[in-house]
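Participant: Pasting query-v9.txt here (compact mmCIF, C-alpha atoms):
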```
# COMPACT_ATOMS: atom_id res chain seq x y z
CA MET Y 1 134.72 106.23 116.15
CA LYS Y 2 131.64 104.96 114.33
CA SER Y 3 131.80 102.00 112.00
CA SER Y 4 131.68 102.91 108.31
CA ARG Y 5 128.34 101.09 108.18
CA ASN Y 6 126.90 103.13 111.05
CA LYS Y 7 124.60 105.70 109.44
CA THR Y 8 123.20 107.16 112.69
CA ILE Y 9 122.69 110.93 112.53
CA ASP Y 10 124.13 112.40 115.71
CA PHE Y 11 125.74 115.83 115.90
CA ASP Y 12 125.49 118.89 118.14
CA ALA Y 13 123.45 121.93 117.19
CA ALA Y 14 126.71 123.89 116.81
CA ASP Y 15 128.04 121.37 114.31
CA GLY Y 16 124.74 121.50 112.44
CA ALA Y 17 124.44 125.29 112.48
CA HIS Y 18 123.91 125.46 108.71
CA TYR Y 19 120.93 123.13 109.10
CA LEU Y 20 119.56 125.08 112.04
CA GLU Y 21 119.65 128.26 109.95
CA ARG Y 22 117.02 126.70 107.67
CA CYS Y 23 114.55 126.40 110.55
CA LEU Y 24 111.86 128.96 111.25
CA HIS Y 25 111.75 130.91 114.50
CA VAL Y 26 108.24 132.29 114.68
CA SER Y 27 107.68 135.96 115.43
CA GLY Y 28 104.46 137.81 114.88
CA THR Y 29 101.73 136.05 112.90
CA PRO Y 30 103.17 134.07 109.98
CA ARG Y 31 101.14 133.32 106.85
CA ILE Y 32 100.50 129.76 105.70
CA GLN Y 33 103.12 130.14 102.95
CA ASP Y 34 105.65 131.13 105.62
CA ILE Y 35 105.28 127.88 107.60
CA LEU Y 36 104.56 125.37 104.85
CA ASP Y 37 107.35 122.80 104.43
CA ARG Y 38 109.25 124.24 107.36
CA THR Y 39 110.71 123.01 110.63
CA ILE Y 40 109.63 125.45 113.34
CA CYS Y 41 112.06 125.65 116.24
CA GLY Y 42 110.48 126.59 119.56
CA ASP Y 43 108.02 125.72 122.31
CA LEU Y 44 104.68 124.37 121.06
CA PHE Y 45 102.70 126.24 123.72
CA GLU Y 46 104.32 129.57 122.79
CA ILE Y 47 104.06 129.09 119.03
CA ILE Y 48 100.78 127.38 118.29
CA SER Y 49 98.48 130.38 118.90
CA CYS Y 50 100.47 132.41 116.36
CA LEU Y 51 100.00 129.96 113.50
CA PRO Y 52 97.28 130.27 110.82
CA GLY Y 53 94.01 128.52 111.55
CA ALA Y 54 92.72 125.32 109.93
CA PHE Y 55 95.77 124.52 107.79
CA ALA Y 56 96.37 120.86 108.73
CA ASP Y 57 94.69 117.97 106.92
CA LEU Y 58 96.40 115.44 109.18
CA MET Y 59 98.10 115.65 112.57
CA ILE Y 60 100.52 113.00 113.79
CA ALA Y 61 101.63 113.59 117.37
CA ASP Y 62 104.25 111.71 119.35
CA PRO Y 63 104.22 113.53 122.70
CA PRO Y 64 106.51 112.53 125.57
CA TYR Y 65 105.19 109.35 127.16
CA ASN Y 66 104.61 109.43 130.89
CA LEU Y 67 108.09 108.04 131.53
CA ASP Y 68 111.42 109.36 132.78
CA LYS Y 69 113.20 110.12 129.52
CA ASP Y 70 116.28 112.16 128.59
CA PHE Y 71 115.70 114.06 125.34
CA HIS Y 72 119.25 115.49 125.16
CA SER Y 73 118.10 119.10 125.58
CA GLY Y 74 115.76 118.34 128.47
CA LYS Y 75 114.30 115.58 130.60
CA PHE Y 76 110.65 114.55 130.88
CA LYS Y 77 109.75 113.33 134.33
CA LYS Y 78 107.18 110.63 135.01
CA THR Y 79 104.20 112.04 136.88
CA SER Y 80 100.76 110.94 138.06
CA ASP Y 81 98.02 109.92 135.63
CA GLU Y 82 96.04 112.98 136.72
CA LEU Y 83 98.83 115.43 135.90
CA TYR Y 84 99.65 113.65 132.64
CA GLU Y 85 95.97 113.91 131.68
CA LYS Y 86 96.09 117.67 132.31
CA TYR Y 87 99.23 117.94 130.18
CA THR Y 88 97.58 115.95 127.36
CA ASP Y 89 94.44 118.06 127.56
CA SER Y 90 96.47 121.28 127.40
CA TRP Y 91 98.36 120.46 124.21
CA LEU Y 92 95.34 118.89 122.47
CA ARG Y 93 93.22 121.99 123.16
CA ALA Y 94 96.07 124.15 121.90
CA VAL Y 95 96.31 122.41 118.51
CA LEU Y 96 92.57 122.27 117.78
CA PRO Y 97 92.45 125.62 115.89
CA VAL Y 98 95.05 124.54 113.29
CA LEU Y 99 93.10 121.43 112.23
CA LYS Y 100 90.70 121.43 109.31
CA LYS Y 101 87.13 120.28 109.92
CA ASP Y 102 87.79 117.03 108.05
CA ALA Y 103 91.24 116.46 109.59
CA SER Y 104 92.42 113.16 111.01
CA VAL Y 105 94.55 112.78 114.13
CA TYR Y 106 96.98 110.09 115.28
CA VAL Y 107 98.56 110.15 118.74
CA CYS Y 108 101.37 107.77 119.76
CA CYS Y 109 101.66 106.37 123.28
CA ASP Y 110 102.73 103.37 125.35
CA TRP Y 111 100.51 100.97 127.30
CA GLU Y 112 100.59 103.08 130.48
CA SER Y 113 99.69 106.42 128.87
CA SER Y 114 97.30 104.90 126.32
CA PRO Y 115 94.17 105.00 128.57
CA VAL Y 116 94.86 108.65 129.40
CA ILE Y 117 95.35 109.60 125.74
CA GLY Y 118 92.17 107.78 124.71
CA THR Y 119 90.11 109.45 127.43
CA VAL Y 120 91.23 112.97 126.49
CA LEU Y 121 90.84 112.40 122.74
CA LYS Y 122 87.19 111.48 123.27
CA LYS Y 123 86.56 114.97 124.68
CA TYR Y 124 87.49 116.68 121.43
CA PHE Y 125 87.40 114.14 118.58
CA HIS Y 126 85.61 111.13 117.16
CA VAL Y 127 87.81 108.22 118.21
CA ARG Y 128 87.91 105.63 115.41
CA ASN Y 129 90.40 103.00 116.50
CA ARG Y 130 93.47 102.11 118.51
CA ILE Y 131 96.40 100.68 116.57
CA THR Y 132 98.90 98.49 118.38
CA TRP Y 133 102.26 98.00 116.72
CA GLN Y 134 104.93 95.53 117.65
CA ARG Y 135 108.48 96.62 118.30
CA GLU Y 136 110.70 93.71 117.32
CA LYS Y 137 113.01 94.70 120.20
CA GLY Y 138 111.13 95.26 123.44
CA ARG Y 139 112.59 96.15 126.80
CA GLY Y 140 113.59 93.16 128.92
CA ALA Y 141 112.02 92.60 132.33
CA ALA Y 142 113.03 90.19 135.10
CA ALA Y 143 109.65 90.07 136.88
CA ASN Y 144 107.20 91.10 134.16
CA TRP Y 145 106.33 90.51 130.50
CA LYS Y 146 108.69 92.26 128.10
CA ASN Y 147 107.24 95.52 126.79
CA GLY Y 148 107.22 94.99 123.03
CA MET Y 149 104.14 97.00 121.98
CA GLU Y 150 103.08 100.61 121.53
CA ASP Y 151 99.72 102.18 120.70
CA ILE Y 152 98.55 104.82 118.23
CA TRP Y 153 95.08 106.32 118.69
CA PHE Y 154 93.21 107.21 115.50
CA ALA Y 155 90.60 109.98 115.70
CA THR Y 156 88.89 112.45 113.37
CA ASN Y 157 87.65 115.99 113.73
CA SER Y 158 84.27 115.09 112.22
CA ASN Y 159 82.43 112.28 110.46
CA THR Y 160 83.89 113.45 107.15
CA TYR Y 161 87.50 112.34 106.76
CA THR Y 162 90.00 110.72 104.39
CA PHE Y 163 90.83 107.03 104.51
CA ASN Y 164 92.62 105.53 101.51
CA LEU Y 165 92.33 101.79 102.09
CA GLU Y 166 93.92 100.77 98.78
CA SER Y 167 97.04 102.81 99.62
CA VAL Y 168 97.87 100.79 102.73
CA LYS Y 169 97.45 97.20 101.59
CA ILE Y 170 99.98 94.72 102.97
CA ARG Y 171 101.72 92.26 100.66
CA LYS Y 172 101.99 88.85 102.32
CA ARG Y 173 103.55 85.67 101.06
CA VAL Y 174 101.04 82.92 100.32
CA ILE Y 175 102.04 79.65 101.97
CA ALA Y 176 99.00 77.52 101.07
CA PRO Y 177 97.59 78.96 97.81
CA TYR Y 178 94.00 78.20 96.84
CA ARG Y 179 92.99 77.83 93.20
CA ASN Y 180 89.72 77.95 91.29
CA ASN Y 181 89.77 76.00 88.04
CA GLY Y 182 93.55 76.01 88.20
CA LYS Y 183 93.78 79.81 88.56
CA PRO Y 184 94.96 81.74 91.64
CA ARG Y 185 92.18 82.68 94.05
CA ASP Y 186 92.73 86.03 95.77
CA TRP Y 187 96.51 85.96 95.17
CA GLU Y 188 99.00 86.49 92.38
CA GLU Y 189 102.08 84.66 91.20
CA THR Y 190 105.07 86.89 90.46
CA ALA Y 191 108.72 86.41 89.62
CA SER Y 192 109.46 86.84 93.33
CA GLY Y 193 106.87 84.34 94.55
CA LYS Y 194 103.20 83.99 95.46
CA PHE Y 195 101.60 87.00 97.19
CA ARG Y 196 98.29 88.33 98.44
CA ASN Y 197 97.57 92.00 99.10
CA THR Y 198 95.50 92.15 102.29
CA CYS Y 199 93.61 94.87 104.13
CA PRO Y 200 95.47 96.24 107.15
CA SER Y 201 94.21 95.59 110.66
CA ASN Y 202 94.81 97.59 113.83
CA PHE Y 203 97.69 95.28 114.82
CA TRP Y 204 100.94 95.88 112.97
CA ASP Y 205 103.70 93.29 113.18
CA ASP Y 206 105.67 94.39 110.11
CA ILE Y 207 107.47 97.43 111.55
CA SER Y 208 111.24 97.55 112.08
CA VAL Y 209 112.50 100.11 114.58
CA PRO Y 210 115.35 102.18 113.04
CA TYR Y 211 118.80 100.85 113.87
CA TRP Y 212 122.39 101.95 113.31
CA SER Y 213 122.84 100.76 109.71
CA MET Y 214 119.64 102.40 108.42
CA PRO Y 215 119.98 105.86 106.78
CA GLU Y 216 116.89 107.12 108.63
CA ASN Y 217 118.35 106.33 112.06
CA THR Y 218 119.19 109.12 114.50
CA ALA Y 219 120.28 109.25 118.13
CA HIS Y 220 116.79 110.38 119.20
CA PRO Y 221 115.65 108.04 122.02
CA THR Y 222 112.08 107.56 120.79
CA GLN Y 223 112.33 107.88 117.01
CA LYS Y 224 109.41 106.43 115.06
CA PRO Y 225 110.05 104.44 111.84
CA GLU Y 226 109.30 106.04 108.50
CA LYS Y 227 107.37 102.92 107.49
CA LEU Y 228 104.97 103.39 110.39
CA LEU Y 229 104.43 107.05 109.52
CA ALA Y 230 104.00 106.23 105.84
CA LYS Y 231 101.00 104.05 106.70
CA LEU Y 232 99.34 106.88 108.62
CA ILE Y 233 100.11 109.49 105.97
CA LEU Y 234 99.00 107.40 102.98
CA ALA Y 235 95.80 106.29 104.71
CA SER Y 236 94.67 109.65 106.05
CA SER Y 237 95.87 112.27 103.56
CA ASN Y 238 96.19 112.86 99.85
CA PRO Y 239 99.07 114.20 97.75
CA GLY Y 240 99.37 117.94 98.30
CA ASP Y 241 97.74 117.82 101.74
CA THR Y 242 99.48 119.26 104.80
CA VAL Y 243 100.73 117.01 107.60
CA PHE Y 244 101.36 118.64 110.98
CA ASP Y 245 103.51 117.29 113.82
CA PRO Y 246 103.54 119.32 117.06
CA PHE Y 247 106.32 117.16 118.60
CA LEU Y 248 108.57 116.70 115.58
CA GLY Y 249 111.62 115.19 117.28
CA SER Y 250 114.23 114.22 114.69
CA GLY Y 251 111.85 114.88 111.81
CA SER Y 252 110.41 111.50 110.84
CA THR Y 253 106.91 112.84 110.11
CA SER Y 254 108.11 115.72 107.94
CA VAL Y 255 110.62 113.56 106.08
CA THR Y 256 108.05 110.86 105.32
CA ALA Y 257 105.47 113.44 104.27
CA LYS Y 258 107.98 114.95 101.88
CA LYS Y 259 108.82 111.55 100.40
CA LEU Y 260 105.11 110.91 99.82
CA ASP Y 261 104.46 114.29 98.14
CA ARG Y 262 102.66 115.94 101.04
CA HIS Y 263 103.35 119.33 102.58
CA TYR Y 264 104.54 119.37 106.18
CA VAL Y 265 104.77 121.62 109.22
CA GLY Y 266 106.67 120.48 112.30
CA ILE Y 267 107.34 122.08 115.68
CA GLU Y 268 110.31 120.99 117.80
CA ILE Y 269 111.78 122.65 120.89
CA SER Y 270 115.27 121.09 120.63
CA GLU Y 271 117.69 122.88 118.32
CA LYS Y 272 119.70 119.67 117.98
CA TYR Y 273 116.68 117.68 116.82
CA CYS Y 274 115.66 120.50 114.45
CA ALA Y 275 119.09 120.30 112.82
CA TRP Y 276 118.81 116.52 112.50
CA ALA Y 277 115.38 116.94 110.88
CA GLU Y 278 116.77 119.37 108.32
CA LYS Y 279 119.64 117.00 107.57
CA ARG Y 280 117.14 114.22 106.88
CA LEU Y 281 114.96 116.50 104.75
CA GLU Y 282 118.04 117.26 102.67
CA MET Y 283 118.70 113.52 102.27
CA ALA Y 284 115.09 113.04 101.14
CA GLU Y 285 115.81 115.28 98.13
CA HIS Y 286 117.93 112.47 96.71
CA ASP Y 287 116.31 109.36 98.21
CA LYS Y 288 112.52 109.10 98.50
CA SER Y 289 112.48 105.43 99.41
CA VAL Y 290 110.75 104.22 102.57
CA GLN Y 291 112.07 101.03 104.13
CA GLY Y 292 109.42 98.29 103.84
CA TYR Y 293 107.31 100.13 101.23
CA ALA Y 294 107.75 99.31 97.53
CA ASP Y 295 105.66 98.73 94.43
CA GLY Y 296 102.79 100.66 96.05
CA VAL Y 297 102.36 98.22 98.95
CA PHE Y 298 103.75 97.57 102.40
CA TRP Y 299 105.80 94.40 102.69
CA GLU Y 300 106.20 91.99 105.54
CA ARG Y 301 109.29 92.24 107.69
CA ASN Y 302 112.44 90.50 106.36
CA THR Y 303 111.50 90.73 102.68
CA ALA Y 304 114.16 93.26 101.61
CA ALA Y 305 115.31 91.23 98.61
CA LEU Y 306 111.77 90.90 97.29
CA GLN Y 307 111.18 94.64 97.72
CA LYS Y 308 114.37 95.39 95.80
CA ASN Y 309 113.17 93.25 92.90
CA ALA Y 310 109.81 95.06 92.96
CA ARG Y 311 111.53 98.45 92.74
CA LYS Y 312 113.60 97.28 89.77
CA ARG Y 313 110.48 96.10 87.92
CA SER Y 314 108.66 99.39 88.56
CA LYS Y 315 111.44 101.50 87.03
```
Rewrite the structure from the file as structure tokens, please.
Facilitator:
Amino acid sequence: MKSSRNKTIDFDAADGAHYLERCLHVSGTPRIQDILDRTICGDLFEIISCLPGAFADLMIADPPYNLDKDFHSGKFKKTSDELYEKYTDSWLRAVLPVLKKDASVYVCCDWESSPVIGTVLKKYFHVRNRITWQREKGRGAAANWKNGMEDIWFATNSNTYTFNLESVKIRKRVIAPYRNNGKPRDWEETASGKFRNTCPSNFWDDISVPYWSMPENTAHPTQKPEKLLAKLILASSNPGDTVFDPFLGSGSTSVTAKKLDRHYVGIEISEKYCAWAEKRLEMAEHDKSVQGYADGVFWERNTAALQKNARKRSK
């Protein structure tokens, strides 16, 4: 029995049949209005060629890392770098037709698969940066450094692309405030304390991995936090744009896109994960909050009380 505080979403596809019924099973050639704001259940490689062309303003992909991993409905087996490169090349080539000319692309990976992902991305896109984000709970290791980091490659389809810097500022507490003529210099004093909104770098240390007491948490083994996805979506798309995720998992990309007033299209092969995604999309109808994002800025980790005060003031 789960604790009453345990909010983890974890049920079988049979138990979530009413959610699974909301998903789209592609047959024929659907129109853009048929796939918009839908969870598509099926195999990416069988579905992608049927979808309309050039509909996605932003793609966020979290493919299986080159690790042995049990995804409930199937296992991904670690292979050689050469074979993983071929796999990466095959799915990237497959998704190219659905991306707009000015689309941006983010691909998640770990330190071992990161060089492979970067190499293949350079074949098809303009690689802009590599983000490294810190998991506050890394895997322990007896004879190695603990693995507490993951990468996200940022690329664009052309030299014309969206990047909303002001939408992804980070609010940091000011410890040693500077003043000019007695007035704050590059910071502001609020009822919650002294803060500075700073430009984001390509190292993120403010992300909390979902855990059992968070409403967004699911039993998916590699779920990405909504806060992380919110940064990518706000930076590289605009309200009303379409965000595409070819490896949707438990729905984090679609849910976050919905909360931020974007359209979404997600493909997921697991019926169980599709049902979880639809459950979360239903929850997003009533709660559009993103943990760690309030008052139009991203907050440092462990500032929940300050964020709550900011939300109250904005209402």
Participant: Would you write out, as CSV, a table of all residues in range 11-65 of chain Y that have an atom no more than 7 Å from an atom of range 107-122 of chain Y, listing for each the closest atom pair and the distance in Å to one decimal, considering all atoms listed in the file and ordering rows by chain and rising residue number?
Facilitator:
```
residue,atom,partner,partner_atom,distance
Y:Ile60,CA,Y:Val107,CA,6.0
Y:Ala61,CA,Y:Val107,CA,4.8
Y:Asp62,CA,Y:Cys108,CA,4.9
Y:Tyr65,CA,Y:Cys109,CA,6.0
```
Participant: Interatomic distance between CA of Ile269 in chain Y and CA of Gly240 in chain Y?
Facilitator: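 Computing it gives 26.2 Å between the two atoms.
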Participant: What is the distance, in Å and to one decimal place, between CA of Leu165 in chain Y and CA of Thr190 in chain Y?
Facilitator: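 These atoms are spaced 22.8 Å apart.
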Participant: Env of range 154-159 of chain Y: 9 Å cut, atoms = all atoms listed in the file, seq-sep filter 5 positions within chain, self excluded. Answer as a PyMOL selection string.
Facilitator: chain Y and resi 96+99-107+121-122+124-131
Participant: Counting all atoms listed in the file, figure out which residue out of Y:Thr132, Y:Asn181, Y:Ser27, Y:Thr253 gets nearest to Asp206 in chain Y.
Facilitator: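 Result for the nearest residue to Asp206 in chain Y: Y:Thr132.
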Participant: Choose the residue, out of Y:Gly193, Y:Pro221, Y:Pro239, Y:Gly74, that has the smallest atom-to-atom separation from Ala257 in chain Y; count all atoms listed in the file.
Facilitator: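 For Ala257 in chain Y, the nearest of the given residues is Y:Pro239.
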Participant: Quick one: everything within 10 Å of Ser289 in chain Y, counting all atoms listed in the file, minus sequence neighbours fewer than 6 positions away in the same chain. Send it as an MDAnalysis selection string.
Facilitator: chainID Y and resid 226:227 256 259:260 311
Participant: Do you know which residues lie at most 12 Å from (114.8, 118.9, 104.1), with coordinates as in the file and only C-alpha atoms counted, and could you write them as JSON, numbers by chain?
Facilitator: {"Y": [19, 20, 22, 23, 37, 38, 39, 250, 251, 252, 253, 254, 255, 256, 257, 258, 259, 263, 264, 265, 266, 274, 275, 276, 277, 278, 279, 280, 281, 282, 283, 284, 285, 286, 287, 288]}
Participant: Near range 201-204 of chain Y, counting only C-alpha atoms, which residues have an atom at most 12 Å away, once you skip same-chain residues fewer than 4 positions from it, shown as a list in words?
Facilitator: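 Within the cut-off, the hits are Arg128, Asn129, Arg130, Ile131, Thr132, Trp133, Gln134, Arg135, Glu136, Gly148, Met149, Glu150, Asp151, Ile152, Trp153, Phe154, Leu165, Val168, Lys169, Ile170, Ser208, Lys227, Leu228, Lys231, Leu232, Phe298, Trp299, Glu300 and Arg301 of chain Y.
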Participant: Write a file of the selected residues as an mmCIF file, keeping the file's coordinate frame, keeping C-alpha atoms.
Facilitator:
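Final file, again_20.cif:
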```
data_model
loop_
_atom_site.group_PDB
_atom_site.id
_atom_site.type_symbol
_atom_site.label_atom_id
_atom_site.label_comp_id
_atom_site.auth_asym_id
_atom_site.auth_seq_id
_atom_site.Cartn_x
_atom_site.Cartn_y
_atom_site.Cartn_z
ATOM 1 C CA ARG Y 128 87.910 105.630 115.410
ATOM 2 C CA ASN Y 129 90.400 103.000 116.500
ATOM 3 C CA ARG Y 130 93.470 102.110 118.510
ATOM 4 C CA ILE Y 131 96.400 100.680 116.570
ATOM 5 C CA THR Y 132 98.900 98.490 118.380
ATOM 6 C CA TRP Y 133 102.260 98.000 116.720
ATOM 7 C CA GLN Y 134 104.930 95.530 117.650
ATOM 8 C CA ARG Y 135 108.480 96.620 118.300
ATOM 9 C CA GLU Y 136 110.700 93.710 117.320
ATOM 10 C CA GLY Y 148 107.220 94.990 123.030
ATOM 11 C CA MET Y 149 104.140 97.000 121.980
ATOM 12 C CA GLU Y 150 103.080 100.610 121.530
ATOM 13 C CA ASP Y 151 99.720 102.180 120.700
ATOM 14 C CA ILE Y 152 98.550 104.820 118.230
ATOM 15 C CA TRP Y 153 95.080 106.320 118.690
ATOM 16 C CA PHE Y 154 93.210 107.210 115.500
ATOM 17 C CA LEU Y 165 92.330 101.790 102.090
ATOM 18 C CA VAL Y 168 97.870 100.790 102.730
ATOM 19 C CA LYS Y 169 97.450 97.200 101.590
ATOM 20 C CA ILE Y 170 99.980 94.720 102.970
ATOM 21 C CA SER Y 208 111.240 97.550 112.080
ATOM 22 C CA LYS Y 227 107.370 102.920 107.490
ATOM 23 C CA LEU Y 228 104.970 103.390 110.390
ATOM 24 C CA LYS Y 231 101.000 104.050 106.700
ATOM 25 C CA LEU Y 232 99.340 106.880 108.620
ATOM 26 C CA PHE Y 298 103.750 97.570 102.400
ATOM 27 C CA TRP Y 299 105.800 94.400 102.690
ATOM 28 C CA GLU Y 300 106.200 91.990 105.540
ATOM 29 C CA ARG Y 301 109.290 92.240 107.690
#
```
Participant: Between CA of Ile48 in chain Y and CA of Arg93 in chain Y, what is the distance, to one decimal in Å?
Facilitator: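 One can read the CA of Ile48 in chain Y to CA of Arg93 in chain Y distance as 10.5 Å.
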Participant: Could you name the residues that touch Arg5 in chain Y at 9 Å or less, counting all atoms listed in the file, but leaving out those on the same chain fewer than 5 positions away, as a PyMOL selection string?
Facilitator: chain Y and resi 212-214
Participant: As AutoDock Vina command-line options, what would the box around range 228-242 of chain Y look like: edges along x, y and z, 5 Å added on every side, centre and edge lengths in Å to one decimal?
Facilitator:
```
--center_x 99.8 --center_y 111.3 --center_z 104.1 --size_x 20.3 --size_y 25.9 --size_z 22.6
```
Participant: Write out as a list in words each polymer residue whose atoms come within 8 Å of Val98 in chain Y, counting all atoms listed in the file; drop sequence neighbours fewer than 5 positions from it.
Facilitator: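 Using all atoms listed in the file, the neighbours found are Leu51, Pro52, Gly53, Ala54, Phe55 and Ala56 of chain Y.
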Participant: With distances taken over all atoms listed in the file, which residue among Y:Leu234, Y:Ile267, Y:Val243, Y:Leu36 lies nearest Met59 in chain Y?
Facilitator: Y:Val243
Participant: Nearest to Ala235 in chain Y: which of Y:Asp43, Y:Asp57, Y:Asp15, Y:Glu166 is it, counting only C-alpha atoms?
Facilitator: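 Distance minimum relative to Ala235 in chain Y lands on Y:Glu166.
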Participant: Can you work out which one of Y:Asp245, Y:Ile175, Y:His72, Y:Arg196 has the shortest atom-to-atom distance to Ala13 in chain Y, counting only C-alpha atoms?
Facilitator: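 Of the candidates, the smallest distance to Ala13 in chain Y is held by Y:His72.
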